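Colleague: Next up, data25.txt (compact mmCIF, C-alpha atoms and all ligand atoms).
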# COMPACT_ATOMS: atom_id res chain seq x y z
CA MET A 1 11.16 19.49 11.31
CA LYS A 2 7.89 17.89 10.21
CA ILE A 3 5.27 20.09 8.62
CA VAL A 4 1.81 19.24 7.33
CA ALA A 5 -0.11 21.57 5.01
CA LEU A 6 -3.71 21.22 3.81
CA ALA A 7 -3.82 22.44 0.24
CA GLY A 8 -6.24 23.25 -2.54
CA GLY A 9 -4.99 24.27 -5.97
CA ILE A 10 -3.33 27.52 -6.95
CA GLY A 11 -3.23 29.31 -3.57
CA GLY A 12 -2.02 26.16 -1.87
CA ALA A 13 0.57 25.27 -4.50
CA ARG A 14 2.16 28.71 -4.61
CA PHE A 15 2.40 28.84 -0.83
CA LEU A 16 3.97 25.38 -0.77
CA ARG A 17 6.68 26.49 -3.15
CA GLY A 18 7.50 29.26 -0.69
CA LEU A 19 7.42 26.82 2.20
CA ARG A 20 9.85 24.47 0.50
CA ALA A 21 12.21 27.39 -0.12
CA ALA A 22 11.84 28.71 3.44
CA GLU A 23 12.66 25.35 5.06
CA PRO A 24 14.50 23.16 2.54
CA ALA A 25 15.41 20.54 5.13
CA ALA A 26 11.88 20.11 6.43
CA ASP A 27 9.87 16.96 5.91
CA ILE A 28 6.70 18.37 4.33
CA THR A 29 3.51 16.36 3.87
CA VAL A 30 0.77 17.95 1.79
CA ILE A 31 -2.78 16.73 2.23
CA GLY A 32 -4.51 17.59 -1.02
CA ASN A 33 -8.14 18.40 -1.69
CA THR A 34 -9.93 15.91 -3.95
CA GLY A 35 -13.41 17.42 -3.70
CA ASP A 36 -12.85 19.19 -7.04
CA ASP A 37 -12.16 15.90 -8.82
CA ILE A 38 -14.26 15.13 -11.86
CA SER A 39 -14.59 12.42 -14.52
CA LEU A 40 -14.36 13.79 -18.06
CA PHE A 41 -14.11 11.81 -21.29
CA GLY A 42 -13.90 8.67 -19.14
CA LEU A 43 -10.82 10.01 -17.35
CA ARG A 44 -10.39 10.86 -13.69
CA VAL A 45 -9.16 14.42 -13.30
CA CYS A 46 -7.81 15.68 -9.95
CA PRO A 47 -7.25 19.41 -10.52
CA ASP A 48 -5.93 20.35 -7.09
CA LEU A 49 -3.52 17.42 -6.75
CA ASP A 50 -2.21 18.15 -10.25
CA THR A 51 -1.81 21.86 -9.61
CA VAL A 52 0.33 21.08 -6.55
CA MET A 53 2.29 18.41 -8.42
CA TYR A 54 2.93 20.53 -11.53
CA THR A 55 3.73 23.70 -9.55
CA LEU A 56 6.24 22.03 -7.22
CA GLY A 57 7.57 19.85 -10.05
CA GLY A 58 8.22 22.76 -12.41
CA GLY A 59 5.61 21.82 -15.02
CA ILE A 60 2.94 24.41 -14.31
CA ASP A 61 1.75 27.16 -16.64
CA GLU A 62 2.98 29.97 -14.41
CA GLU A 63 0.76 32.72 -15.75
CA GLN A 64 -2.42 30.71 -15.66
CA GLY A 65 -1.56 28.99 -12.38
CA TRP A 66 -3.00 25.63 -13.51
CA GLY A 67 -2.35 23.20 -16.33
CA ARG A 68 0.91 22.44 -18.11
CA ARG A 69 3.22 24.99 -19.63
CA ASP A 70 3.92 24.73 -23.38
CA GLU A 71 0.50 23.16 -23.68
CA ALA A 72 -1.42 22.36 -26.87
CA PHE A 73 -5.11 21.58 -27.21
CA THR A 74 -5.28 19.25 -30.21
CA VAL A 75 -7.13 16.45 -28.41
CA LYS A 76 -9.74 18.84 -27.11
CA GLU A 77 -10.24 20.32 -30.59
CA GLU A 78 -10.62 16.85 -32.08
CA LEU A 79 -13.14 15.88 -29.41
CA LEU A 80 -15.13 19.03 -30.12
CA ALA A 81 -15.06 18.21 -33.84
CA TYR A 82 -16.99 15.07 -32.87
CA GLY A 83 -19.34 17.24 -30.82
CA VAL A 84 -17.94 15.75 -27.63
CA GLY A 85 -17.64 18.20 -24.75
CA PRO A 86 -17.57 19.74 -22.27
CA SER A 87 -15.80 22.61 -23.98
CA TRP A 88 -15.62 24.71 -20.80
CA PHE A 89 -13.04 22.61 -18.99
CA GLY A 90 -9.49 23.19 -20.19
CA LEU A 91 -7.65 19.91 -20.71
CA GLY A 92 -4.50 20.19 -22.76
CA ASP A 93 -2.65 17.39 -24.55
CA ARG A 94 0.15 17.11 -21.99
CA ASP A 95 -2.32 17.20 -19.15
CA PHE A 96 -4.38 14.44 -20.81
CA ALA A 97 -1.45 12.06 -20.38
CA THR A 98 -1.56 12.53 -16.59
CA HIS A 99 -5.27 11.69 -16.51
CA ILE A 100 -4.80 8.66 -18.76
CA VAL A 101 -2.08 7.26 -16.48
CA ARG A 102 -4.18 7.97 -13.40
CA THR A 103 -7.31 6.37 -14.86
CA GLN A 104 -5.42 3.28 -16.00
CA MET A 105 -3.92 2.79 -12.56
CA LEU A 106 -7.27 3.33 -10.82
CA ALA A 107 -8.87 0.81 -13.18
CA ALA A 108 -6.11 -1.66 -12.30
CA GLY A 109 -7.13 -1.33 -8.66
CA TYR A 110 -4.57 1.06 -7.23
CA PRO A 111 -5.96 3.56 -4.71
CA LEU A 112 -5.66 7.25 -5.56
CA SER A 113 -2.94 7.70 -2.92
CA ALA A 114 -0.74 5.11 -4.66
CA VAL A 115 -1.51 6.62 -8.06
CA THR A 116 -0.56 10.09 -6.80
CA GLU A 117 2.71 8.72 -5.44
CA ALA A 118 3.45 7.13 -8.82
CA LEU A 119 2.73 10.37 -10.70
CA CYS A 120 4.97 12.23 -8.24
CA ASP A 121 7.82 9.83 -9.08
CA ARG A 122 8.05 11.75 -12.30
CA TRP A 123 7.51 15.26 -10.93
CA LYS A 124 9.54 15.03 -7.71
CA PRO A 125 7.64 17.82 -5.95
CA GLY A 126 9.97 17.71 -2.94
CA VAL A 127 7.05 17.10 -0.61
CA ARG A 128 4.97 14.03 0.14
CA LEU A 129 1.62 14.62 -1.56
CA ILE A 130 -1.29 12.57 -0.24
CA PRO A 131 -4.92 12.95 -1.32
CA MET A 132 -7.20 13.62 1.66
CA THR A 133 -8.97 10.32 0.97
CA ASP A 134 -8.93 7.37 -1.41
CA ASP A 135 -12.72 7.37 -1.39
CA GLN A 136 -14.65 9.36 -3.95
CA VAL A 137 -15.74 12.75 -2.65
CA GLU A 138 -17.23 15.29 -5.05
CA THR A 139 -18.26 18.79 -4.14
CA HIS A 140 -21.68 19.59 -5.56
CA VAL A 141 -23.36 22.98 -5.59
CA VAL A 142 -27.11 23.53 -5.40
CA VAL A 143 -28.20 26.46 -7.56
CA ASP A 144 -31.47 28.01 -8.68
CA ASP A 145 -31.07 27.67 -12.40
CA PRO A 146 -33.35 30.10 -14.29
CA GLU A 147 -33.94 27.45 -16.98
CA HIS A 148 -34.00 24.19 -15.02
CA GLY A 149 -35.04 25.26 -11.53
CA ARG A 150 -33.26 24.20 -8.37
CA ARG A 151 -30.62 21.56 -9.07
CA ALA A 152 -27.28 20.24 -7.90
CA ILE A 153 -24.34 20.59 -10.25
CA HIS A 154 -20.73 19.52 -10.01
CA PHE A 155 -18.47 22.10 -8.37
CA GLN A 156 -16.48 22.46 -11.60
CA GLU A 157 -19.60 23.30 -13.59
CA TRP A 158 -20.45 26.03 -11.08
CA TRP A 159 -16.89 27.33 -10.80
CA VAL A 160 -15.53 27.00 -14.32
CA ARG A 161 -18.59 27.09 -16.59
CA LEU A 162 -20.75 29.49 -14.59
CA ARG A 163 -17.89 31.40 -12.87
CA ALA A 164 -20.06 31.18 -9.72
CA SER A 165 -22.51 33.60 -11.36
CA LEU A 166 -25.52 31.77 -9.90
CA PRO A 167 -25.53 32.05 -6.09
CA ALA A 168 -24.92 28.74 -4.32
CA VAL A 169 -27.88 27.65 -2.21
CA THR A 170 -25.68 24.99 -0.59
CA ILE A 171 -22.25 23.53 -1.20
CA ALA A 172 -22.05 19.84 -0.32
CA PRO A 173 -19.01 17.55 -0.38
CA VAL A 174 -20.88 14.44 -1.49
CA GLY A 175 -19.35 11.32 0.04
CA ALA A 176 -17.26 13.14 2.63
CA ALA A 177 -19.19 11.93 5.67
CA ASP A 178 -18.46 8.30 4.79
CA ALA A 179 -14.91 8.83 3.55
CA LYS A 180 -11.82 7.62 5.37
CA PRO A 181 -8.61 9.64 5.43
CA ALA A 182 -6.09 8.17 2.98
CA PRO A 183 -3.28 6.04 4.45
CA GLY A 184 -0.71 8.31 6.07
CA VAL A 185 -2.96 11.35 6.50
CA LEU A 186 -3.72 11.02 10.22
CA GLU A 187 -0.22 9.70 10.96
CA ALA A 188 1.41 12.69 9.26
CA ILE A 189 -0.78 15.11 11.20
CA ARG A 190 -0.10 13.29 14.46
CA ASP A 191 3.68 13.43 13.92
CA ALA A 192 3.78 17.04 12.70
CA ASP A 193 5.52 19.83 14.57
CA ALA A 194 3.12 22.26 12.94
CA VAL A 195 0.10 22.18 10.64
CA LEU A 196 -0.20 25.04 8.17
CA LEU A 197 -3.31 26.20 6.36
CA PRO A 198 -2.10 27.88 3.14
CA PRO A 199 -4.23 30.68 1.67
CA SER A 200 -6.45 28.10 -0.03
CA ASN A 201 -10.21 28.43 -0.37
CA PRO A 202 -11.57 28.07 3.19
CA VAL A 203 -14.77 26.37 2.01
CA VAL A 204 -14.10 24.15 -1.00
CA SER A 205 -10.39 23.43 -0.41
CA VAL A 206 -9.40 23.54 3.28
CA GLY A 207 -13.01 23.10 4.46
CA THR A 208 -13.43 19.95 2.38
CA ILE A 209 -10.24 18.39 3.74
CA LEU A 210 -11.24 19.23 7.33
CA GLY A 211 -14.60 17.58 6.64
CA ILE A 212 -13.09 14.12 6.18
CA PRO A 213 -13.96 12.30 9.42
CA GLY A 214 -11.05 12.42 11.88
CA VAL A 215 -9.05 15.11 10.12
CA ARG A 216 -10.37 18.18 11.93
CA ASP A 217 -9.82 16.65 15.38
CA ALA A 218 -6.32 15.49 14.45
CA VAL A 219 -5.41 18.95 13.14
CA ALA A 220 -6.96 20.76 16.12
CA ALA A 221 -4.65 18.84 18.47
CA LYS A 222 -1.59 20.45 16.82
CA THR A 223 -0.10 23.93 16.58
CA VAL A 224 -1.99 25.33 13.58
CA VAL A 225 -1.17 28.52 11.69
CA GLY A 226 -3.21 29.76 8.75
CA VAL A 227 -2.63 32.35 6.02
CA SER A 228 -5.61 34.43 4.96
CA PRO A 229 -6.71 34.08 1.32
CA ILE A 230 -8.85 37.17 1.84
CA ILE A 231 -7.15 40.56 1.66
CA GLY A 232 -9.03 43.79 2.27
CA GLY A 233 -12.41 42.08 2.10
CA ALA A 234 -11.89 40.24 -1.21
CA PRO A 235 -10.21 37.07 -2.48
CA VAL A 236 -6.88 37.68 -4.19
CA ARG A 237 -8.09 35.67 -7.17
CA GLY A 238 -11.09 33.51 -7.90
CA MET A 239 -14.53 33.62 -6.33
CA ALA A 240 -13.98 32.43 -2.76
CA ASP A 241 -16.39 35.17 -1.68
CA ALA A 242 -19.22 33.25 -3.41
CA CYS A 243 -18.30 30.15 -1.38
CA LEU A 244 -18.10 32.06 1.91
CA THR A 245 -21.46 33.74 1.25
CA ALA A 246 -23.01 30.31 0.64
CA ILE A 247 -22.04 29.17 4.14
CA GLY A 248 -23.02 32.48 5.76
CA VAL A 249 -19.49 33.74 6.41
CA GLU A 250 -18.53 37.32 5.59
CA THR A 251 -15.67 37.79 3.12
CA SER A 252 -13.05 39.15 5.50
CA ALA A 253 -9.81 37.90 7.00
CA ARG A 254 -11.40 38.11 10.46
CA ALA A 255 -14.53 36.17 9.54
CA VAL A 256 -12.47 33.36 7.99
CA ALA A 257 -10.39 33.06 11.18
CA GLU A 258 -13.56 33.00 13.27
CA HIS A 259 -15.05 30.41 10.91
CA TYR A 260 -12.04 28.13 11.38
CA GLY A 261 -12.39 28.84 15.09
CA ALA A 262 -10.01 29.06 18.02
CA GLU A 263 -10.32 25.29 18.70
CA LEU A 264 -8.64 24.70 15.35
CA LEU A 265 -6.48 27.76 14.77
CA ASP A 266 -3.63 28.98 16.97
CA GLY A 267 -2.14 31.61 14.68
CA TRP A 268 -3.46 33.61 11.73
CA LEU A 269 -1.59 35.77 9.26
CA VAL A 270 -3.51 38.64 7.70
CA ASP A 271 -2.32 41.13 5.12
CA ASP A 272 -1.13 44.60 6.16
CA ALA A 273 -4.35 45.87 4.57
CA ASP A 274 -6.11 44.08 7.44
CA ALA A 275 -3.77 45.38 10.17
CA ALA A 276 -6.86 46.54 12.10
CA THR A 277 -7.87 42.88 12.52
CA ALA A 278 -4.45 42.11 13.97
CA ALA A 279 -4.69 45.11 16.28
CA GLU A 280 -8.20 44.23 17.49
CA GLY A 281 -7.31 40.54 17.73
CA VAL A 282 -9.44 37.45 17.26
CA GLU A 283 -10.41 35.69 20.47
CA GLY A 284 -8.14 32.72 21.14
CA VAL A 285 -6.01 33.23 18.01
CA ALA A 286 -2.67 35.06 17.67
CA VAL A 287 -3.11 37.38 14.67
CA ARG A 288 -0.20 39.09 12.88
CA SER A 289 -0.25 41.32 9.83
CA ARG A 290 2.35 41.36 7.06
CA PRO A 291 2.39 41.50 3.25
CA LEU A 292 0.50 38.43 2.00
CA LEU A 293 0.63 38.83 -1.77
CA MET A 294 2.55 35.90 -3.25
CA SER A 295 3.81 38.20 -5.99
CA ASP A 296 7.21 36.56 -6.50
CA PRO A 297 9.29 33.71 -5.00
CA ALA A 298 10.94 35.93 -2.36
CA ALA A 299 7.63 37.39 -1.16
CA THR A 300 6.08 33.92 -1.04
CA GLU A 301 9.01 32.47 0.88
CA ALA A 302 8.74 35.31 3.40
CA ILE A 303 5.06 34.49 3.98
CA ALA A 304 5.90 30.84 4.62
CA ARG A 305 8.76 31.88 6.91
CA ALA A 306 6.37 34.07 8.90
CA ALA A 307 3.89 31.21 9.26
CA LEU A 308 6.65 28.89 10.50
CA ASP A 309 7.99 31.51 12.92
CA LEU A 310 4.53 32.10 14.35
CA ALA A 311 4.01 28.34 14.71
CA ALA A 312 7.34 27.98 16.53
CA GLU A 313 6.50 30.88 18.82
CA LEU A 314 3.06 29.44 19.65
CA ALA A 315 4.37 25.91 20.14
CA GLY A 316 6.99 27.31 22.51
CA ALA A 317 4.35 29.27 24.41
CA ALA A 318 2.25 26.12 24.79
CA GLY A 319 5.31 24.47 26.33
P1 LIG B 1 -7.85 26.65 -6.21
O1 LIG B 1 -8.18 25.26 -5.75
O2 LIG B 1 -7.04 26.67 -7.48
O3 LIG B 1 -9.02 27.57 -6.22
O4 LIG B 1 -6.83 27.20 -5.16
P2 LIG B 1 -6.80 27.25 -3.58
O5 LIG B 1 -8.07 26.83 -2.95
O6 LIG B 1 -5.55 26.61 -3.11
O7 LIG B 1 -6.57 28.80 -3.37
C1 LIG B 1 -7.51 29.76 -3.79
C2 LIG B 1 -7.34 30.98 -2.92
O8 LIG B 1 -6.00 31.46 -3.02
C3 LIG B 1 -8.22 32.13 -3.31
O9 LIG B 1 -9.24 32.30 -2.35
C4 LIG B 1 -7.27 33.33 -3.35
O10 LIG B 1 -7.78 34.44 -2.65
C5 LIG B 1 -6.02 32.80 -2.68
N1 LIG B 1 -4.82 33.44 -3.19
C6 LIG B 1 -4.36 33.41 -4.47
N2 LIG B 1 -3.23 34.14 -4.58
C7 LIG B 1 -2.98 34.65 -3.34
C8 LIG B 1 -1.96 35.50 -2.81
O11 LIG B 1 -1.04 35.95 -3.51
N3 LIG B 1 -2.02 35.81 -1.48
C9 LIG B 1 -3.04 35.33 -0.67
N4 LIG B 1 -3.02 35.68 0.62
N5 LIG B 1 -4.01 34.53 -1.14
C10 LIG B 1 -3.98 34.20 -2.45
CA CA B 2 -9.59 23.66 -6.21
Please express the file's structure as structure tokens.
Ligand code: GDP
Ligand code: CA

Modeller:
Amino acid sequence: MKIVALAGGIGGARFLRGLRAAEPAADITVIGNTGDDISLFGLRVCPDLDTVMYTLGGGIDEEQGWGRRDEAFTVKEELLAYGVGPSWFGLGDRDFATHIVRTQMLAAGYPLSAVTEALCDRWKPGVRLIPMTDDQVETHVVVDDPEHGRRAIHFQEWWVRLRASLPAVTIAPVGAADAKPAPGVLEAIRDADAVLLPPSNPVVSVGTILGIPGVRDAVAAKTVVGVSPIIGGAPVRGMADACLTAIGVETSARAVAEHYGAELLDGWLVDDADAATAAEGVEGVAVRSRPLLMSDPAATEAIARAALDLAAELAGAAG
């Protein structure tokens, strides 16, 4: 069985671990979001790719959900002693090594997809991890800054430094319109038995990947099942509500399904807290409710199993 998943960081990575457990024999290709990527201290940092790689490779800080476990912050402290920031982005010593290797390889001319493959040689995530594109795409957020007026800032500055406290006027994946899917992305989607949308941020994770020219159409042609990141009208963690508000979408499991749309989505899993949405239905989408908290490995595996079962049922129905 061939499965493709479009993943952001924490929500995507945790779901993928459940998916790997639910279907150990499956050939899983993960298309990772690179819109959150940022250059810091001269190094290229790809937070979502690394979260997937560390989580599936057993190197993640489990409690935090990102970064390396057993991490130290000596390099960051030394940089700050020189007055060199930013101080708001957490880069630990172990993590630094990943970004140094990546930056060296990029400087030597390797595309990000090849670099990611090389990093995964160490981590053996048990899936094929491909960045959505080898081209540079950076999500920028336009805010009305009380001190500096209206300006565009990097997504990470909005998300990590400001904790999305200033409302986003617009969220723009800069470079996406001219980006090409990375080698293997469209082929993997074309060959997939099912495409899954993990409970990743619908705007700045899944939305960014779908915005790479050709990806949305390729995905829409397949059996697609998504898992809602919104439970009972709120994100499970993080500030996805601030992203949804910015694009005029209500923070609800139903509104996210309608935002993806019936042309894209065939099946949609909502939490039992949103059973009313399943009962009412969403036009053109098969909606089922079940527990969606990825509270432990067994619960997470059951969510992935449910997504696969729904995909199989819908693929069968389509004949
Ligand atoms: P990020 O890039 O690290 O922000 O991670 P993603 O975009 O992959 O996922 C973020 C989303 O995961 C958030 O909108 C959360 O609501 C969602 N999420 C986190 N934990 C859970 C969970 O246990 N269950 C569900 N259904 N969603 C979750
Ligand atoms: Ca992210």

Colleague: Between A:Gly261, A:Gly85, A:Pro235, A:Pro213, which is the closest to ligand LIG 1 (chain B) once you count all atoms listed in the file?

Modeller: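 Closest to ligand LIG 1 (chain B) of all the choices is A:Pro235.
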
Colleague: Using 8 Å as the limit and counting only C-alpha atoms and all ligand atoms, can you tabulate each residue of chain A that touches ligand LIG 1 (chain B), with its shortest atom-to-atom distance in Å and the two atoms involved, as a tab-separated table?

Modeller:
residue	atom	partner	partner_atom	distance
A:Ala7	CA	B:LIG1	O6	5.6
A:Gly8	CA	B:LIG1	O6	3.5
A:Gly9	CA	B:LIG1	O1	3.3
A:Ile10	CA	B:LIG1	O2	3.8
A:Gly11	CA	B:LIG1	O7	3.4
A:Gly12	CA	B:LIG1	O6	3.8
A:Ala13	CA	B:LIG1	O6	6.4
A:Arg14	CA	B:LIG1	N2	7.7
A:Asn33	CA	B:LIG1	O1	8.0
A:Asp36	CA	B:LIG1	O1	7.8
A:Pro47	CA	B:LIG1	O1	7.6
A:Asp48	CA	B:LIG1	O1	5.6
A:Thr51	CA	B:LIG1	O2	7.4
A:Gly65	CA	B:LIG1	O2	7.7
A:Trp66	CA	B:LIG1	O2	7.3
A:Pro198	CA	B:LIG1	O6	7.3
A:Pro199	CA	B:LIG1	N5	4.8
A:Ser200	CA	B:LIG1	O7	3.4
A:Asn201	CA	B:LIG1	O5	3.7
A:Pro202	CA	B:LIG1	O5	7.2
A:Val204	CA	B:LIG1	O5	6.9
A:Ser205	CA	B:LIG1	O5	4.8
A:Val206	CA	B:LIG1	O5	7.2
A:Val227	CA	B:LIG1	N4	6.4
A:Ser228	CA	B:LIG1	N4	5.2
A:Pro229	CA	B:LIG1	N5	3.7
A:Ile230	CA	B:LIG1	O10	5.4
A:Ile231	CA	B:LIG1	N4	6.5
A:Ala234	CA	B:LIG1	O10	7.3
A:Pro235	CA	B:LIG1	O10	3.6
A:Val236	CA	B:LIG1	O10	3.7
A:Arg237	CA	B:LIG1	C4	4.6
A:Gly238	CA	B:LIG1	C3	5.6
A:Met239	CA	B:LIG1	O9	6.8
A:Ala240	CA	B:LIG1	O9	4.8
A:Asp241	CA	B:LIG1	O9	7.7
A:Val270	CA	B:LIG1	N4	7.7
A:Asp271	CA	B:LIG1	N4	7.1
A:Leu292	CA	B:LIG1	N4	4.7
A:Leu293	CA	B:LIG1	O11	3.8
A:Met294	CA	B:LIG1	O11	3.6
A:Ser295	CA	B:LIG1	O11	5.9
A:Thr300	CA	B:LIG1	O11	7.8

Colleague: Given the choices A:Gly207, A:Gly233, A:Gly109, A:Pro291, which gets closest to ligand CA 2 (chain B) if the distance is worked out from all atoms listed in the file?

Modeller: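 Of A:Gly207, A:Gly233, A:Gly109, A:Pro291, the one nearest ligand CA 2 (chain B), counting all atoms listed in the file, is A:Gly207.
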
Colleague: Excluding Thr34 of chain A and residues on its chain fewer than 3 positions from it, collect all residues at most 7 Å away from it, counting all atoms listed in the file, and give them as a PDB file with C-alpha atoms, in the coordinates of the input.

Modeller:
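And here's selection17.pdb as it stands now:
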ATOM      1  CA  ASP A  37     -12.160  15.900  -8.820  1.00  0.00           C
ATOM      2  CA  CYS A  46      -7.810  15.680  -9.950  1.00  0.00           C
ATOM      3  CA  ASP A  48      -5.930  20.350  -7.090  1.00  0.00           C
ATOM      4  CA  PRO A 131      -4.920  12.950  -1.320  1.00  0.00           C
ATOM      5  CA  MET A 132      -7.200  13.620   1.660  1.00  0.00           C
ATOM      6  CA  VAL A 137     -15.740  12.750  -2.650  1.00  0.00           C
TER       7      VAL A 137
END

Colleague: I'd like the interatomic distance between atom CA of Thr170 of chain A and atom CA of Cys243 of chain A, to a tenth of an Å.

Modeller: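 Answer for the atom CA of Thr170 of chain A to atom CA of Cys243 of chain A separation: 9.0 Å.
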
Colleague: Grab the atom CA of Gly281 of chain A to atom CA of Ile209 of chain A distance for me, in Å with one decimal place.

Modeller: 26.4 Å

Colleague: With distances taken over only C-alpha atoms, which residue among A:Ala279, A:Ser39, A:Arg94, A:Pro111 lies nearest Glu138 of chain A?

Modeller: A:Ser39

Colleague: Go through A:Met1, A:Leu129, A:Leu6, A:Leu119 and flag the residue nearest ligand CA 2 (chain B), using only C-alpha atoms and all ligand atoms for the distances.

Modeller: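 Ranked by minimum distance to ligand CA 2 (chain B), first place goes to A:Leu6.
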
Colleague: How many Å separate atom CA of Ala220 of chain A from atom CA of Phe15 of chain A?

Modeller: 21.0 Å

Colleague: So which one's closest to ligand CA 2 (chain B), A:Asp193, A:Thr133, A:Cys120, A:Val160? Using all atoms listed in the file, please.

Modeller: A:Val160

Colleague: For Ile38 of chain A, list every protein, DNA or RNA residue within 12 Å, evaluated using all atoms listed in the file, and leave out those in the same chain fewer than 2 positions away; present the list as a VMD selection string.

Modeller: chain A and resid 34 to 36 40 to 48 86 89 99 103 136 to 140 153 to 157

Colleague: Please produce a file of the residues just selected, as a PDB file, keeping the file's coordinate frame, where the atoms kept are C-alpha atoms.

Modeller:
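As written to disk, selection_36.pdb reads:
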ATOM      1  CA  THR A  34      -9.930  15.910  -3.950  1.00  0.00           C
ATOM      2  CA  GLY A  35     -13.410  17.420  -3.700  1.00  0.00           C
ATOM      3  CA  ASP A  36     -12.850  19.190  -7.040  1.00  0.00           C
ATOM      4  CA  LEU A  40     -14.360  13.790 -18.060  1.00  0.00           C
ATOM      5  CA  PHE A  41     -14.110  11.810 -21.290  1.00  0.00           C
ATOM      6  CA  GLY A  42     -13.900   8.670 -19.140  1.00  0.00           C
ATOM      7  CA  LEU A  43     -10.820  10.010 -17.350  1.00  0.00           C
ATOM      8  CA  ARG A  44     -10.390  10.860 -13.690  1.00  0.00           C
ATOM      9  CA  VAL A  45      -9.160  14.420 -13.300  1.00  0.00           C
ATOM     10  CA  CYS A  46      -7.810  15.680  -9.950  1.00  0.00           C
ATOM     11  CA  PRO A  47      -7.250  19.410 -10.520  1.00  0.00           C
ATOM     12  CA  ASP A  48      -5.930  20.350  -7.090  1.00  0.00           C
ATOM     13  CA  PRO A  86     -17.570  19.740 -22.270  1.00  0.00           C
ATOM     14  CA  PHE A  89     -13.040  22.610 -18.990  1.00  0.00           C
ATOM     15  CA  HIS A  99      -5.270  11.690 -16.510  1.00  0.00           C
ATOM     16  CA  THR A 103      -7.310   6.370 -14.860  1.00  0.00           C
ATOM     17  CA  GLN A 136     -14.650   9.360  -3.950  1.00  0.00           C
ATOM     18  CA  VAL A 137     -15.740  12.750  -2.650  1.00  0.00           C
ATOM     19  CA  GLU A 138     -17.230  15.290  -5.050  1.00  0.00           C
ATOM     20  CA  THR A 139     -18.260  18.790  -4.140  1.00  0.00           C
ATOM     21  CA  HIS A 140     -21.680  19.590  -5.560  1.00  0.00           C
ATOM     22  CA  ILE A 153     -24.340  20.590 -10.250  1.00  0.00           C
ATOM     23  CA  HIS A 154     -20.730  19.520 -10.010  1.00  0.00           C
ATOM     24  CA  PHE A 155     -18.470  22.100  -8.370  1.00  0.00           C
ATOM     25  CA  GLN A 156     -16.480  22.460 -11.600  1.00  0.00           C
ATOM     26  CA  GLU A 157     -19.600  23.300 -13.590  1.00  0.00           C
TER      27      GLU A 157
END
